[in-house]
file final_38.csv (CSV, C-alpha atoms)
chain,number,residue,atom,x,y,z
D,1,MET,CA,11.6,31.5,24.5
D,2,VAL,CA,15.0,29.7,24.9
D,3,GLU,CA,13.2,26.4,25.1
D,4,GLU,CA,11.5,27.1,21.8
D,5,ARG,CA,14.8,28.0,20.1
D,6,GLU,CA,16.5,24.9,21.5
D,7,LYS,CA,13.6,22.8,20.1
D,8,LYS,CA,14.0,24.4,16.7
D,9,VAL,CA,17.8,23.8,16.6
D,10,LYS,CA,17.2,20.2,17.7
D,11,LEU,CA,14.7,19.7,14.8
D,12,GLU,CA,17.2,21.2,12.3
D,13,VAL,CA,19.9,18.9,13.5
D,14,VAL,CA,17.7,15.9,13.1
D,15,LYS,CA,16.8,16.9,9.5
D,16,LEU,CA,20.6,17.1,8.6
D,17,PHE,CA,21.6,14.2,6.4
D,18,TYR,CA,24.4,12.2,8.0
D,19,ILE,CA,26.1,9.9,5.5
D,20,ASN,CA,27.3,7.4,8.1
D,21,ASP,CA,23.6,6.6,8.8
D,22,HIS,CA,23.3,5.5,5.2
D,23,ARG,CA,25.9,2.8,4.7
D,24,ASP,CA,24.4,1.6,1.4
D,25,LEU,CA,24.8,5.1,0.0
D,26,LEU,CA,28.3,5.5,1.5
D,27,VAL,CA,29.3,2.2,-0.2
D,28,GLU,CA,27.9,3.5,-3.6
D,29,ILE,CA,30.2,6.6,-3.2
D,30,LEU,CA,33.3,4.7,-2.1
D,31,LYS,CA,33.2,2.2,-4.9
D,32,ARG,CA,33.4,5.1,-7.4
D,33,LEU,CA,36.7,6.4,-5.9
D,34,ASP,CA,40.1,5.7,-7.3
D,35,GLY,CA,42.7,3.8,-5.2
D,36,HIS,CA,44.4,7.0,-4.0
D,37,SER,CA,41.2,8.5,-2.6
D,38,LEU,CA,40.2,5.2,-1.0
D,39,GLY,CA,43.5,5.5,1.0
D,40,VAL,CA,42.4,9.0,2.1
D,41,ALA,CA,38.9,7.7,2.9
D,42,ALA,CA,40.3,5.0,5.1
D,43,CYS,CA,41.7,7.7,7.5
D,44,VAL,CA,38.4,9.6,7.9
D,45,CYS,CA,36.7,7.5,10.7
D,46,ARG,CA,36.2,4.0,12.0
D,47,LEU,CA,33.2,3.2,9.8
D,48,TRP,CA,34.9,4.4,6.6
D,49,ARG,CA,38.0,2.4,7.5
D,50,SER,CA,36.1,-0.8,8.0
D,51,LEU,CA,34.3,-0.3,4.7
D,52,THR,CA,37.5,0.4,2.8
D,53,CYS,CA,38.9,-2.9,4.1
D,54,ASN,CA,36.3,-4.7,2.0
D,55,ASP,CA,38.2,-6.4,-0.7
D,56,TRP,CA,35.4,-6.3,-3.2
D,57,LEU,CA,35.7,-2.5,-3.2
D,58,TRP,CA,39.3,-2.9,-4.4
D,59,GLU,CA,38.1,-5.5,-7.0
D,60,THR,CA,36.0,-2.7,-8.5
D,61,ILE,CA,39.1,-0.4,-8.5
D,62,CYS,CA,41.4,-3.0,-10.0
D,63,PHE,CA,39.1,-4.0,-12.8
D,64,ARG,CA,37.0,-1.0,-13.4
D,65,HIS,CA,38.7,-0.4,-16.8
D,66,VAL,CA,38.7,-4.1,-17.9
D,67,SER,CA,36.0,-5.2,-20.2
D,68,PRO,CA,34.4,-7.7,-19.8
D,69,SER,CA,34.9,-7.9,-16.0
D,70,PRO,CA,37.1,-10.9,-15.2
D,71,TYR,CA,35.1,-12.5,-12.4
D,72,ASP,CA,36.6,-15.9,-13.2
D,73,VAL,CA,40.0,-14.8,-11.7
D,74,ARG,CA,38.5,-14.0,-8.3
D,75,PRO,CA,39.4,-17.3,-6.6
D,76,VAL,CA,42.9,-16.9,-7.8
D,77,VAL,CA,43.3,-13.4,-6.6
D,78,MET,CA,41.8,-14.2,-3.3
D,79,ALA,CA,44.1,-17.1,-2.8
D,80,LEU,CA,47.1,-14.9,-3.7
D,81,GLY,CA,46.3,-12.2,-1.1
D,82,GLY,CA,43.2,-10.3,-2.3
D,83,TYR,CA,42.4,-7.3,-4.5
D,84,ARG,CA,43.8,-4.7,-2.2
D,85,ARG,CA,47.2,-6.3,-2.3
D,86,LEU,CA,47.0,-6.7,-6.1
D,87,TYR,CA,46.3,-3.0,-6.4
D,88,MET,CA,49.1,-2.0,-3.9
D,89,VAL,CA,51.7,-4.4,-5.3
D,90,CYS,CA,51.1,-4.5,-9.0
D,91,LEU,CA,48.6,-1.9,-10.3
D,92,ARG,CA,49.5,1.2,-8.3
D,93,PRO,CA,53.3,1.1,-9.2
D,94,LEU,CA,52.3,0.7,-12.9
D,95,LEU,CA,49.9,3.6,-12.8
D,96,THR,CA,52.5,5.7,-10.9
D,97,ARG,CA,55.0,5.0,-13.7
D,98,LEU,CA,52.5,6.1,-16.3
D,99,CYS,CA,52.0,9.3,-14.2
D,100,SER,CA,55.7,10.1,-14.2
D,101,THR,CA,55.9,10.1,-18.0
D,102,ARG,CA,56.4,13.5,-19.4
D,103,ASP,CA,53.5,13.0,-21.8
D,104,SER,CA,50.6,13.7,-19.4
D,105,GLU,CA,48.2,13.6,-22.3
D,106,ARG,CA,49.1,10.0,-22.9
D,107,PHE,CA,48.8,9.3,-19.2
D,108,ARG,CA,45.2,10.7,-19.1
D,109,SER,CA,44.2,8.6,-22.0
D,110,ASN,CA,46.0,5.6,-20.5
D,111,SER,CA,44.3,5.8,-17.2
D,112,ASN,CA,40.8,5.8,-18.7
D,113,ARG,CA,41.2,3.3,-21.5
D,114,VAL,CA,40.0,-0.2,-21.4
D,115,TRP,CA,42.7,-2.7,-20.4
D,116,THR,CA,43.6,-5.5,-22.7
D,117,ARG,CA,43.4,-9.1,-21.6
D,118,ASP,CA,47.3,-9.3,-21.9
D,119,GLU,CA,47.8,-6.4,-19.5
D,120,LEU,CA,45.4,-8.1,-17.1
D,121,GLN,CA,47.3,-11.4,-17.4
D,122,LEU,CA,50.6,-9.7,-16.9
D,123,SER,CA,49.5,-8.1,-13.6
D,124,LEU,CA,48.1,-11.4,-12.4
D,125,SER,CA,51.3,-13.1,-13.3
D,126,LEU,CA,53.3,-10.5,-11.3
D,127,PHE,CA,50.9,-11.0,-8.4
D,128,SER,CA,51.6,-14.7,-8.4
D,129,ILE,CA,55.3,-14.1,-8.4
D,130,ASP,CA,54.9,-11.8,-5.4
D,131,TYR,CA,53.0,-14.4,-3.6
D,132,TYR,CA,55.5,-17.2,-4.1
D,133,GLU,CA,58.4,-15.0,-3.2
D,134,ARG,CA,56.7,-14.0,0.0
D,135,LEU,CA,56.2,-17.7,0.7
D,136,GLY,CA,59.9,-18.4,0.2
D,137,SER,CA,61.4,-15.5,2.2
D,138,SER,CA,61.1,-14.6,5.8
D,139,SER,CA,61.7,-11.0,5.2
D,140,SER,CA,59.1,-8.9,3.3
D,141,THR,CA,61.6,-6.4,2.0
D,142,SER,CA,63.6,-8.7,-0.2
D,143,THR,CA,63.7,-7.4,-3.8
D,144,SER,CA,62.2,-9.9,-6.2
D,145,SER,CA,63.1,-11.1,-9.6
D,146,LEU,CA,60.4,-10.2,-12.2
D,147,MET,CA,58.9,-7.7,-9.8
D,148,PHE,CA,61.3,-5.1,-11.3
D,149,LEU,CA,58.6,-4.7,-14.0
D,150,CYS,CA,56.6,-2.8,-11.4
D,151,LYS,CA,59.5,-0.4,-10.5
D,152,ALA,CA,60.9,2.5,-12.5
D,153,VAL,CA,63.9,1.5,-14.6
D,154,ASN,CA,66.9,3.7,-15.1
D,155,VAL,CA,68.1,3.2,-18.6
E,1,MET,CA,5.3,20.0,-26.4
E,2,SER,CA,3.7,17.3,-28.7
E,3,MET,CA,2.6,13.9,-27.3
E,4,ILE,CA,4.4,10.9,-28.9
E,5,SER,CA,1.8,8.4,-27.8
E,6,GLY,CA,-1.9,8.6,-27.7
E,7,ASP,CA,-2.0,6.3,-24.6
E,8,LYS,CA,-4.0,7.7,-21.7
E,9,SER,CA,-1.2,7.1,-19.3
E,10,SER,CA,1.0,9.7,-21.0
E,11,THR,CA,-1.4,12.5,-20.3
E,12,GLU,CA,-2.5,11.4,-16.8
E,13,ILE,CA,-1.4,13.7,-14.1
E,14,LEU,CA,-0.4,12.6,-10.6
E,15,SER,CA,0.2,14.7,-7.5
E,16,LEU,CA,3.2,14.3,-5.3
E,17,LYS,CA,3.4,15.9,-1.9
E,18,SER,CA,6.7,16.6,-0.3
E,19,SER,CA,7.6,16.4,3.4
E,20,ASP,CA,7.1,20.2,3.7
E,21,ASN,CA,3.6,20.0,2.2
E,22,GLU,CA,4.5,21.3,-1.3
E,23,ILE,CA,2.4,19.7,-4.0
E,24,PHE,CA,3.7,18.9,-7.5
E,25,GLU,CA,1.5,18.0,-10.4
E,26,VAL,CA,3.5,15.6,-12.6
E,27,LYS,CA,2.7,13.6,-15.7
E,28,LYS,CA,2.4,9.9,-15.0
E,29,GLU,CA,5.2,8.9,-17.5
E,30,VAL,CA,7.6,11.1,-15.6
E,31,VAL,CA,6.5,9.7,-12.2
E,32,LEU,CA,7.2,6.2,-13.6
E,33,GLU,CA,11.0,7.1,-13.8
E,34,SER,CA,11.0,6.2,-10.1
E,35,ILE,CA,10.8,2.4,-9.6
E,36,THR,CA,9.4,3.0,-6.1
E,37,LEU,CA,6.6,5.2,-7.4
E,38,ARG,CA,6.0,2.9,-10.3
E,39,GLY,CA,5.2,0.1,-7.9
E,40,MET,CA,2.8,2.3,-6.0
E,41,VAL,CA,1.0,3.6,-9.1
E,42,GLU,CA,0.7,0.2,-10.8
E,43,GLU,CA,-0.9,-1.3,-7.8
E,44,ASP,CA,-3.5,1.4,-8.3
E,45,GLU,CA,-3.2,2.6,-4.7
E,46,PHE,CA,-2.9,6.2,-5.6
E,47,SER,CA,-4.7,6.5,-8.9
E,48,ASP,CA,-6.8,9.4,-7.8
E,49,THR,CA,-5.1,10.7,-4.8
E,50,LEU,CA,-2.0,12.5,-3.6
E,51,ILE,CA,1.2,10.4,-3.3
E,52,PRO,CA,2.8,11.5,0.0
E,53,LEU,CA,6.6,11.5,0.0
E,54,PRO,CA,7.5,12.2,3.7
E,55,ASN,CA,11.2,11.5,3.1
E,56,VAL,CA,11.7,14.2,0.4
E,57,GLU,CA,11.6,17.9,0.9
E,58,GLY,CA,10.1,20.2,-1.7
E,59,LYS,CA,13.3,21.8,-2.8
E,60,ILE,CA,14.9,18.4,-3.6
E,61,LEU,CA,11.7,17.0,-5.1
E,62,SER,CA,11.4,19.9,-7.5
E,63,LYS,CA,14.9,19.2,-8.8
E,64,ILE,CA,14.2,15.4,-9.1
E,65,ILE,CA,11.1,16.0,-11.1
E,66,HIS,CA,13.0,18.3,-13.4
E,67,TYR,CA,15.6,15.6,-13.9
E,68,CYS,CA,12.9,13.0,-14.7
E,69,GLN,CA,11.1,15.3,-17.0
E,70,LYS,CA,14.2,15.9,-19.0
E,71,HIS,CA,15.2,12.3,-19.2
E,72,THR,CA,11.6,11.2,-20.2
E,73,GLU,CA,11.6,13.8,-23.0
E,74,ALA,CA,15.0,12.7,-24.2
E,75,ARG,CA,13.9,9.1,-24.3
E,76,ALA,CA,10.8,10.0,-26.2
E,77,LYS,CA,12.9,11.8,-28.8
E,78,VAL,CA,14.8,8.6,-29.6
E,79,ASN,CA,11.6,6.7,-29.4
E,80,GLY,CA,12.4,4.8,-26.2
E,81,SER,CA,15.7,3.4,-27.2
E,82,GLU,CA,18.6,3.0,-24.8
E,83,GLY,CA,20.7,5.6,-26.6
E,84,ALA,CA,18.9,8.5,-25.0
E,85,ALA,CA,21.2,8.6,-22.0
E,86,ASP,CA,24.3,8.9,-24.2
E,87,SER,CA,23.3,12.0,-26.2
E,88,LYS,CA,25.4,15.1,-25.8
E,89,GLU,CA,22.4,17.1,-24.8
E,90,ILE,CA,21.5,14.9,-21.9
E,91,LYS,CA,25.2,14.6,-20.8
E,92,ASP,CA,25.4,18.4,-20.8
E,93,PHE,CA,22.2,18.7,-18.9
E,94,ASP,CA,23.3,16.1,-16.3
E,95,SER,CA,26.7,17.8,-15.6
E,96,GLU,CA,24.9,21.2,-15.2
E,97,PHE,CA,22.2,19.6,-13.1
E,98,ILE,CA,24.5,17.9,-10.6
E,99,ASN,CA,26.7,21.0,-10.2
E,100,VAL,CA,25.1,21.9,-6.8
E,101,ASP,CA,26.3,22.5,-3.3
E,102,ASP,CA,27.2,19.5,-1.1
E,103,LYS,CA,24.0,19.7,1.1
E,104,THR,CA,21.7,19.6,-2.0
E,105,LEU,CA,23.8,16.8,-3.5
E,106,LEU,CA,23.4,14.6,-0.5
E,107,GLY,CA,19.7,15.4,-0.4
E,108,ILE,CA,19.4,14.3,-4.1
E,109,ILE,CA,21.1,11.0,-3.6
E,110,LEU,CA,19.1,10.2,-0.5
E,111,ALA,CA,15.9,10.9,-2.4
E,112,ALA,CA,17.1,9.1,-5.6
E,113,ASN,CA,17.8,6.1,-3.4
E,114,TYR,CA,14.4,6.1,-1.8
E,115,LEU,CA,12.6,6.7,-5.0
E,116,ASN,CA,14.9,4.2,-6.8
E,117,ILE,CA,15.9,6.3,-9.8
E,118,LYS,CA,19.1,4.5,-10.8
E,119,ASP,CA,20.6,6.9,-13.3
E,120,LEU,CA,20.2,9.8,-10.9
E,121,LEU,CA,21.7,7.9,-8.0
E,122,ASP,CA,24.7,7.0,-10.2
E,123,LEU,CA,25.1,10.6,-11.3
E,124,GLY,CA,24.9,11.9,-7.7
E,125,CYS,CA,27.2,9.3,-6.2
E,126,GLN,CA,29.8,9.8,-9.0
E,127,LYS,CA,29.7,13.6,-8.4
E,128,ILE,CA,30.3,13.1,-4.6
E,129,ALA,CA,33.1,10.7,-5.3
E,130,ASP,CA,34.7,13.2,-7.7
E,131,ASN,CA,34.4,15.9,-5.0
E,132,ILE,CA,36.1,13.6,-2.5
E,133,LYS,CA,39.0,12.9,-4.9
E,134,GLU,CA,40.3,16.4,-4.4
E,135,LYS,CA,39.9,16.7,-0.7
E,136,SER,CA,42.1,16.1,2.3
E,137,VAL,CA,41.0,13.9,5.2
E,138,GLU,CA,40.0,16.9,7.3
E,139,ASP,CA,38.0,18.4,4.4
E,140,VAL,CA,36.2,15.2,3.9
E,141,ARG,CA,35.2,15.1,7.6
E,142,LYS,CA,34.0,18.7,7.4
E,143,THR,CA,32.0,18.1,4.2
E,144,PHE,CA,30.1,15.1,5.7
E,145,ASN,CA,30.1,16.4,9.3
E,146,ILE,CA,32.0,13.3,10.5
E,147,LYS,CA,33.7,13.2,13.9
E,148,ASN,CA,37.2,11.7,14.1
E,149,ASP,CA,36.6,8.7,16.3
E,150,PHE,CA,40.1,7.3,16.2
E,151,THR,CA,42.4,7.4,19.2
E,152,PRO,CA,45.7,9.2,18.5
E,153,GLU,CA,47.5,5.9,18.4
E,154,GLU,CA,45.0,4.4,15.9
E,155,GLU,CA,45.1,7.5,13.7
E,156,LYS,CA,48.9,7.4,13.6
E,157,ALA,CA,48.9,3.7,12.6
E,158,ILE,CA,46.2,4.1,9.9
E,159,ARG,CA,48.0,7.1,8.4
E,160,GLU,CA,51.2,5.1,8.2
E,161,GLU,CA,49.4,2.2,6.6
E,162,ASN,CA,48.0,4.6,4.0
E,163,LEU,CA,51.0,6.9,3.6
E,164,TRP,CA,51.1,6.1,-0.1
E,165,ALA,CA,47.8,7.9,-0.6
E,166,PHE,CA,49.2,11.1,0.7
E,167,ASP,CA,52.0,11.4,-1.9
call {"tool": "encode", "arguments": {"input": "final_38.csv", "output": "structure tokens"}}
result
Amino acid sequence: MVEEREKKVKLEVVKLFYINDHRDLLVEILKRLDGHSLGVAACVCRLWRSLTCNDWLWETICFRHVSPSPYDVRPVVMALGGYRRLYMVCLRPLLTRLCSTRDSERFRSNSNRVWTRDELQLSLSLFSIDYYERLGSSSSTSTSSLMFLCKAVNV
Amino acid sequence: MSMISGDKSSTEILSLKSSDNEIFEVKKEVVLESITLRGMVEEDEFSDTLIPLPNVEGKILSKIIHYCQKHTEARAKVNGSEGAADSKEIKDFDSEFINVDDKTLLGIILAANYLNIKDLLDLGCQKIADNIKEKSVEDVRKTFNIKNDFTPEEEKAIREENLWAFD
């Protein structure tokens, strides 16, 4: 009797869908997250962490709202430190600034609208500056010149 | 419901059998929403017989058939143009359809992946992603039944690395 019940439980456990057994599906889900949630996902387990380290996931996040997708900039971004760094250094601070504006309605529309080519070029320029300033200094905490554009300004 | 086309294939009925032996009679045009099944049907392997789907249970298959039926009908209304997926009616149907518990949702994306129904896979994965967006690390682990396999030192280092995500 106990044996039969154990067998039934075992069968049920086997039937349960375990997402980590389906990496292709897990990737499909992760690439639809925003940057913030990808940071949370990285802390879940080893597999999720290794997947969130994939730079192309961050490429999707950086340029999800840019149309057409700027694949021609990929070699440049990779040479300057990769998409995850681009997001952390340039995009996230800008998005955080938008979030801190009192007009949350404007923020919502801002975060979903399609980026212009100029905005894209600006973030890539800032990224280049970040790279060269890192090259030039031994400490990573030095405040940089034009990088103030990524920080909140007290007027 | 009126038939748009007089083509034989639109009235042909096929039978799908789920993993728990439930049988569903489905119009061929609806079955063709699945790229996997389209391949099987077009090769004429299953023209008169049952198509077994050992990877999909009845409860999930029933939902998927409903989805495919709705989308086939919507497409027929706009006469096969690409605009069908954008109509408000279909968008409302989709958001209602995918508003299910986590277990069913995971079942749907697994089946949509196996059956290769792109729109349904997109819909399901996006819904799961949206659910994750509001969750903490522990809640995500609970939802997906994932064990924390980090050592305490690893976990501390990774949390610090991703501190910005917990603002």
call {"tool": "interface_residues", "arguments": {"input": "final_38.csv", "of": "chain D", "to": "chain E", "cutoff": "7 Å", "atoms": "only C-alpha atoms", "output": "MDAnalysis selection string"}}
result
chainID D and resid 18:19 28:30 32:33 36:37 39:41 43:46
call {"tool": "closest_residue", "arguments": {"input": "final_38.csv", "among": "D:Tyr132, D:Tyr71, D:Phe63, D:Tyr83", "to": "Leu120 of chain D", "atoms": "all atoms listed in the file"}}
result
D:Phe63
call {"tool": "residues_around", "arguments": {"input": "final_38.csv", "residues": "Lys59 of chain E", "least_positions_apart": "4", "cutoff": "12 Å", "atoms": "all atoms listed in the file", "output": "list of chain:residue names"}}
result
E:Lys17, E:Ser18, E:Ser19, E:Asp20, E:Asn21, E:Glu22, E:Ile23, E:Phe24, E:Lys63, E:Ile64, E:Ile65, E:His66, E:Lys103, E:Thr104, E:Leu105, E:Gly107, E:Ile108, E:Ala111
call {"tool": "closest_residue", "arguments": {"input": "final_38.csv", "among": "E:Val100, E:Val78, E:Leu14, E:Ala112", "to": "Leu61 of chain E", "atoms": "only C-alpha atoms"}}
result
E:Ala112
call {"tool": "atom_distance", "arguments": {"input": "final_38.csv", "atom1": "atom CA of Lys31 of chain D", "atom2": "atom CA of Leu57 of chain D"}}
result
5.6 Å
call {"tool": "closest_residue", "arguments": {"input": "final_38.csv", "among": "E:Ser34, E:Ser62, E:Lys142, E:Ser87", "to": "Asp119 of chain E", "atoms": "only C-alpha atoms"}}
result
E:Ser34
call {"tool": "residues_around", "arguments": {"input": "final_38.csv", "residues": "Leu32 of chain E", "least_positions_apart": "5", "cutoff": "12 Å", "atoms": "all atoms listed in the file", "output": "list in words"}}
result
Ser9, Ser10, Glu12, Ile13, Leu14, Val26, Lys27, Leu37, Arg38, Gly39, Met40, Val41, Glu42, Ile65, Cys68, Gln69, His71, Thr72, Leu115, Asn116 and Ile117 of chain E
call {"tool": "atom_distance", "arguments": {"input": "final_38.csv", "atom1": "atom CA of Asp34 of chain D", "atom2": "atom CA of Cys62 of chain D"}}
result
9.2 Å
call {"tool": "closest_residue", "arguments": {"input": "final_38.csv", "among": "D:Gly35, D:Leu122, D:Leu95, D:Trp48", "to": "His22 of chain D", "atoms": "all atoms listed in the file"}}
result
D:Trp48
call {"tool": "closest_residue", "arguments": {"input": "final_38.csv", "among": "D:Arg117, D:Leu126, D:Arg134, D:Asp55", "to": "Pro70 of chain D", "atoms": "all atoms listed in the file"}}
result
D:Arg117
call {"tool": "atom_distance", "arguments": {"input": "final_38.csv", "atom1": "atom CA of Ala79 of chain D", "atom2": "atom CA of Ala42 of chain D"}}
result
23.8 Å
call {"tool": "closest_residue", "arguments": {"input": "final_38.csv", "among": "D:Leu51, D:Met78, D:Leu124, D:Thr60", "to": "Asn20 of chain D", "atoms": "all atoms listed in the file"}}
result
D:Leu51
call {"tool": "decode", "arguments": {"input": "final_38.csv", "residues": "segment 12-31 of chain E", "atoms": "N, CA and C atoms", "output": "mmCIF file, in the first residue's frame"}}
result
data_model
loop_
_atom_site.group_PDB
_atom_site.id
_atom_site.type_symbol
_atom_site.label_atom_id
_atom_site.label_comp_id
_atom_site.auth_asym_id
_atom_site.auth_seq_id
_atom_site.Cartn_x
_atom_site.Cartn_y
_atom_site.Cartn_z
ATOM 1 N N GLU E 12 -11.993 19.572 -43.413
ATOM 2 C CA GLU E 12 -11.461 18.298 -42.964
ATOM 3 C C GLU E 12 -11.222 18.325 -41.466
ATOM 4 N N ILE E 13 -11.605 17.215 -40.818
ATOM 5 C CA ILE E 13 -11.435 17.141 -39.359
ATOM 6 C C ILE E 13 -10.328 16.154 -39.024
ATOM 7 N N LEU E 14 -9.465 16.546 -38.117
ATOM 8 C CA LEU E 14 -8.400 15.650 -37.657
ATOM 9 C C LEU E 14 -8.602 15.359 -36.180
ATOM 10 N N SER E 15 -8.024 14.259 -35.752
ATOM 11 C CA SER E 15 -8.143 13.896 -34.337
ATOM 12 C C SER E 15 -6.797 13.974 -33.651
ATOM 13 N N LEU E 16 -6.795 14.661 -32.505
ATOM 14 C CA LEU E 16 -5.569 14.766 -31.714
ATOM 15 C C LEU E 16 -5.776 14.031 -30.405
ATOM 16 N N LYS E 17 -4.763 13.249 -30.008
ATOM 17 C CA LYS E 17 -4.883 12.500 -28.758
ATOM 18 C C LYS E 17 -3.847 13.004 -27.758
ATOM 19 N N SER E 18 -4.324 13.388 -26.578
ATOM 20 C CA SER E 18 -3.413 13.917 -25.565
ATOM 21 C C SER E 18 -2.702 12.781 -24.828
ATOM 22 N N SER E 19 -1.769 13.164 -23.953
ATOM 23 C CA SER E 19 -0.984 12.170 -23.216
ATOM 24 C C SER E 19 -1.868 11.354 -22.284
ATOM 25 N N ASP E 20 -2.981 11.950 -21.822
ATOM 26 C CA ASP E 20 -3.892 11.211 -20.931
ATOM 27 C C ASP E 20 -5.095 10.660 -21.699
ATOM 28 N N ASN E 21 -4.854 10.370 -22.980
ATOM 29 C CA ASN E 21 -5.830 9.677 -23.832
ATOM 30 C C ASN E 21 -7.142 10.398 -24.088
ATOM 31 N N GLU E 22 -7.125 11.722 -23.993
ATOM 32 C CA GLU E 22 -8.323 12.474 -24.367
ATOM 33 C C GLU E 22 -8.246 12.748 -25.861
ATOM 34 N N ILE E 23 -9.368 12.584 -26.565
ATOM 35 C CA ILE E 23 -9.333 12.798 -28.018
ATOM 36 C C ILE E 23 -10.080 14.067 -28.391
ATOM 37 N N PHE E 24 -9.451 14.877 -29.240
ATOM 38 C CA PHE E 24 -10.053 16.129 -29.663
ATOM 39 C C PHE E 24 -10.217 16.121 -31.170
ATOM 40 N N GLU E 25 -11.430 16.449 -31.630
ATOM 41 C CA GLU E 25 -11.667 16.542 -33.073
ATOM 42 C C GLU E 25 -11.509 18.006 -33.456
ATOM 43 N N VAL E 26 -10.591 18.255 -34.374
ATOM 44 C CA VAL E 26 -10.253 19.641 -34.687
ATOM 45 C C VAL E 26 -10.216 19.827 -36.196
ATOM 46 N N LYS E 27 -10.682 21.012 -36.650
ATOM 47 C CA LYS E 27 -10.626 21.306 -38.088
ATOM 48 C C LYS E 27 -9.169 21.379 -38.519
ATOM 49 N N LYS E 28 -8.887 20.940 -39.731
ATOM 50 C CA LYS E 28 -7.510 20.900 -40.218
ATOM 51 C C LYS E 28 -6.874 22.284 -40.210
ATOM 52 N N GLU E 29 -7.643 23.327 -40.606
ATOM 53 C CA GLU E 29 -7.056 24.682 -40.682
ATOM 54 C C GLU E 29 -6.581 25.149 -39.300
ATOM 55 N N VAL E 30 -7.276 24.682 -38.255
ATOM 56 C CA VAL E 30 -6.886 25.051 -36.882
ATOM 57 C C VAL E 30 -5.611 24.287 -36.486
ATOM 58 N N VAL E 31 -5.576 23.015 -36.871
ATOM 59 C CA VAL E 31 -4.393 22.191 -36.580
ATOM 60 C C VAL E 31 -3.149 22.794 -37.235
#
